[in-house]
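**Q** One structure coming up, written as structure tokens, with questions to follow.
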Amino acid sequence: MKPKQAVSLQILRSGKAFYRSKGNVCGKTMATALGYKDSLRLLEAYGIETPVQILMRSAEHFDIATSGQLRFPVVLKAIPKNAGHKTEKQLVVTNIHSQKEVREAFLALVEKTRGMPLECFVLQEQVKGVELIVGAKRDDVFGQTIMFGMGGVYVELTADYSVRVCPIDKAQAQGMLFDTKAAKFFCADGFRGIKASQEAVTELLMKVSKMLSDNPQIIEMDLNPVIATPDSCYAVDARILLELKQEKDMGT
């Protein structure tokens, strides 16, 4: 097996990894979004778990949802060719419980996204648990930084998060968990009976830190939401921005 850094560089050097969107600016740095498929490959290279899912471009994949590969309920998402928030654009349909509902959701999203540049549609098993966020930003002074907090659509409103400079060790990762209100979910009794795996989320933070240290061309990243269960955690969605000048440097 190739070292993680070699795998990630191979993904980031792929011509398909870059969308030619010159207008996307992150701070003073021109940026481009890593495609959904390549984002999944990058997460997989670092052992970051994601829900069982299928990428599809048309209705021909509908039967897969009931063939045993995916278990209901499922989520259907339209993936635009940019780094926008799919929930805010109403490109996510949750709580789909049947093949009929999958078809209806797909047709509705096709109509809603007519004329919008799309990478694909994603049919994904719906995971229930505690919604968290793991983010990252490359700072001009400190370099790669990693962020942890409560996730979901209200993350910007609550502003409850913890930040560290990469790389981080296990003790620092655990400290990030208990810097926030999410700490209650990692206690023995959980919060109102709802528990999240401290070990799994700690491991996730360390894996993300390693990814950022290996790949300085990543200038911003959001794993939101990360769904934590009593036994594991899953990166349900990923938004990764790369420094655009790497496109030229890599000869793509």
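Chain labels follow the order of the structure tokens: the first chain is A, the next B, and so on; residue numbering restarts at 1 in every chain, and ligands are counted from 1 in their shown order.
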Could you tell me, as a ChimeraX atom specification, which residues of segment 184-232 of chain A DSSP assigns to helix (DSSP H, G or I) when given the backbone?
**A** /A:184-186,198-214
**Q** With N, CA, C and O atoms retained, could you export that selection as an mmCIF file, in the first residue's frame?
**A**
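What landed in again_30.cif:
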```cif
data_model
loop_
_atom_site.group_PDB
_atom_site.id
_atom_site.type_symbol
_atom_site.label_atom_id
_atom_site.label_comp_id
_atom_site.auth_asym_id
_atom_site.auth_seq_id
_atom_site.Cartn_x
_atom_site.Cartn_y
_atom_site.Cartn_z
ATOM 1 N N LYS A 184 -20.306 17.263 26.489
ATOM 2 C CA LYS A 184 -21.320 16.507 27.230
ATOM 3 C C LYS A 184 -21.644 15.177 26.559
ATOM 4 O O LYS A 184 -21.985 14.198 27.230
ATOM 5 N N PHE A 185 -21.543 15.139 25.235
ATOM 6 C CA PHE A 185 -21.865 13.912 24.513
ATOM 7 C C PHE A 185 -20.784 12.838 24.684
ATOM 8 O O PHE A 185 -21.023 11.664 24.431
ATOM 9 N N PHE A 186 -19.592 13.254 25.121
ATOM 10 C CA PHE A 186 -18.479 12.316 25.264
ATOM 11 C C PHE A 186 -18.331 11.797 26.696
ATOM 12 O O PHE A 186 -17.465 10.981 26.974
ATOM 13 N N GLN A 198 -15.831 9.219 22.016
ATOM 14 C CA GLN A 198 -14.683 10.102 22.187
ATOM 15 C C GLN A 198 -13.481 9.568 21.409
ATOM 16 O O GLN A 198 -12.752 10.344 20.766
ATOM 17 N N GLU A 199 -13.285 8.272 21.440
ATOM 18 C CA GLU A 199 -12.141 7.673 20.751
ATOM 19 C C GLU A 199 -12.215 7.890 19.247
ATOM 20 O O GLU A 199 -11.227 8.260 18.606
ATOM 21 N N ALA A 200 -13.411 7.683 18.657
ATOM 22 C CA ALA A 200 -13.553 7.813 17.208
ATOM 23 C C ALA A 200 -13.345 9.248 16.744
ATOM 24 O O ALA A 200 -12.673 9.498 15.730
ATOM 25 N N VAL A 201 -13.904 10.210 17.483
ATOM 26 C CA VAL A 201 -13.767 11.608 17.080
ATOM 27 C C VAL A 201 -12.338 12.095 17.298
ATOM 28 O O VAL A 201 -11.797 12.868 16.498
ATOM 29 N N THR A 202 -11.704 11.635 18.353
ATOM 30 C CA THR A 202 -10.290 11.977 18.586
ATOM 31 C C THR A 202 -9.434 11.479 17.443
ATOM 32 O O THR A 202 -8.558 12.192 16.927
ATOM 33 N N GLU A 203 -9.666 10.228 17.020
ATOM 34 C CA GLU A 203 -8.921 9.651 15.894
ATOM 35 C C GLU A 203 -9.174 10.446 14.616
ATOM 36 O O GLU A 203 -8.258 10.666 13.824
ATOM 37 N N LEU A 204 -10.416 10.876 14.408
ATOM 38 C CA LEU A 204 -10.731 11.661 13.219
ATOM 39 C C LEU A 204 -9.935 12.958 13.192
ATOM 40 O O LEU A 204 -9.363 13.327 12.154
ATOM 41 N N LEU A 205 -9.878 13.659 14.313
ATOM 42 C CA LEU A 205 -9.126 14.909 14.372
ATOM 43 C C LEU A 205 -7.647 14.683 14.061
ATOM 44 O O LEU A 205 -7.023 15.485 13.347
ATOM 45 N N MET A 206 -7.085 13.602 14.554
ATOM 46 C CA MET A 206 -5.677 13.313 14.292
ATOM 47 C C MET A 206 -5.440 12.970 12.817
ATOM 48 O O MET A 206 -4.431 13.353 12.228
ATOM 49 N N LYS A 207 -6.395 12.264 12.210
ATOM 50 C CA LYS A 207 -6.274 11.912 10.789
ATOM 51 C C LYS A 207 -6.365 13.164 9.914
ATOM 52 O O LYS A 207 -5.614 13.312 8.943
ATOM 53 N N VAL A 208 -7.280 14.057 10.260
ATOM 54 C CA VAL A 208 -7.412 15.301 9.503
ATOM 55 C C VAL A 208 -6.157 16.146 9.661
ATOM 56 O O VAL A 208 -5.661 16.743 8.695
ATOM 57 N N SER A 209 -5.615 16.205 10.862
ATOM 58 C CA SER A 209 -4.381 16.946 11.101
ATOM 59 C C SER A 209 -3.237 16.400 10.234
ATOM 60 O O SER A 209 -2.474 17.171 9.635
ATOM 61 N N LYS A 210 -3.146 15.101 10.143
ATOM 62 C CA LYS A 210 -2.119 14.471 9.315
ATOM 63 C C LYS A 210 -2.320 14.826 7.845
ATOM 64 O O LYS A 210 -1.364 15.150 7.129
ATOM 65 N N MET A 211 -3.578 14.784 7.389
ATOM 66 C CA MET A 211 -3.887 15.143 6.005
ATOM 67 C C MET A 211 -3.460 16.568 5.692
ATOM 68 O O MET A 211 -2.855 16.848 4.651
ATOM 69 N N LEU A 212 -3.758 17.485 6.620
ATOM 70 C CA LEU A 212 -3.413 18.894 6.406
ATOM 71 C C LEU A 212 -1.904 19.102 6.397
ATOM 72 O O LEU A 212 -1.381 19.878 5.596
ATOM 73 N N SER A 213 -1.197 18.422 7.276
ATOM 74 C CA SER A 213 0.258 18.554 7.338
ATOM 75 C C SER A 213 0.906 18.008 6.074
ATOM 76 O O SER A 213 1.909 18.546 5.592
ATOM 77 N N ASP A 214 0.321 16.948 5.526
ATOM 78 C CA ASP A 214 0.854 16.336 4.307
ATOM 79 C C ASP A 214 0.558 17.165 3.067
ATOM 80 O O ASP A 214 1.284 17.078 2.073
#
```
**Q** With a distance cut-off of 7 Å and only C-alpha atoms, select the neighbouring residues of segment 112-121 of chain A, excluding the residue or stretch itself and same-chain residues fewer than 4 positions from it, and output the selection as a PyMOL selection string.
**A** chain A and resi 55-57+77-81+108
**Q** State, in Å with one decimal place, the distance from atom CA of Tyr36 of chain A to atom CA of Val226 of chain A.
**A**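 Answer for the atom CA of Tyr36 of chain A to atom CA of Val226 of chain A separation: 15.9 Å.
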**Q** Write down as number ranges by chain the residues belonging to segment 46-221 of chain A that are assigned strand (DSSP E or B) by DSSP computed on the backbone.
**A** A: 53-56, 74-80, 92-96, 118-125, 130-139, 143-150, 161-165, 191, 194, 218-221
**Q** Would you pick out the contacts of Val74 of chain A at 6 Å or less, using only C-alpha atoms, so that residues sharing its chain but fewer than 5 positions from it are not included, and give the list as a list in words?
**A**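 Selected residues are Ile96, Gln124, Glu125 and Gln126 of chain A.
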**Q** Any idea what's packed within 7 Å of segment 137-139 of chain A, counting only C-alpha atoms, ignoring anything in its chain fewer than 5 positions away? Could you give it as a short mmCIF file (atom, residue, chain, number, x, y, z; two decimals) with N, CA and C atoms, in the first residue's frame?
**A**
```cif
data_model
loop_
_atom_site.label_atom_id
_atom_site.label_comp_id
_atom_site.auth_asym_id
_atom_site.auth_seq_id
_atom_site.Cartn_x
_atom_site.Cartn_y
_atom_site.Cartn_z
N GLN A 144 -1.29 25.53 8.79
CA GLN A 144 -2.53 24.77 8.84
C GLN A 144 -3.12 24.78 10.25
N THR A 145 -4.40 25.12 10.35
CA THR A 145 -5.10 25.07 11.63
C THR A 145 -6.32 24.17 11.50
N ILE A 146 -6.73 23.55 12.58
CA ILE A 146 -7.86 22.62 12.58
C ILE A 146 -8.89 23.10 13.60
N ILE A 219 -6.24 24.82 1.45
CA ILE A 219 -6.30 26.11 2.14
C ILE A 219 -7.55 26.23 3.01
N GLU A 220 -8.54 25.38 2.77
CA GLU A 220 -9.75 25.43 3.59
C GLU A 220 -10.49 24.11 3.45
N MET A 221 -11.13 23.66 4.53
CA MET A 221 -11.88 22.42 4.48
C MET A 221 -12.97 22.42 5.53
#
```
**Q** I'd like to know which of A:Met30, A:Val236, A:Ser197, A:Ser39 is closest to Val134 of chain A, using only C-alpha atoms.
**A**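 Checking each of A:Met30, A:Val236, A:Ser197, A:Ser39 against Val134 of chain A, counting only C-alpha atoms, the winner is A:Val236.
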**Q** Can you measure atom CA of Tyr234 of chain A to atom CA of Met150 of chain A for me? One decimal in Å is fine.
**A**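 Taking atom CA of Tyr234 of chain A and atom CA of Met150 of chain A, their separation equals 14.1 Å.
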**Q** Could you jot down the atom CA of Glu101 of chain A to atom CA of Val122 of chain A separation for me, Å, one decimal place?
**A**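 Spanning atom CA of Glu101 of chain A to atom CA of Val122 of chain A is a straight-line distance of 14.6 Å.
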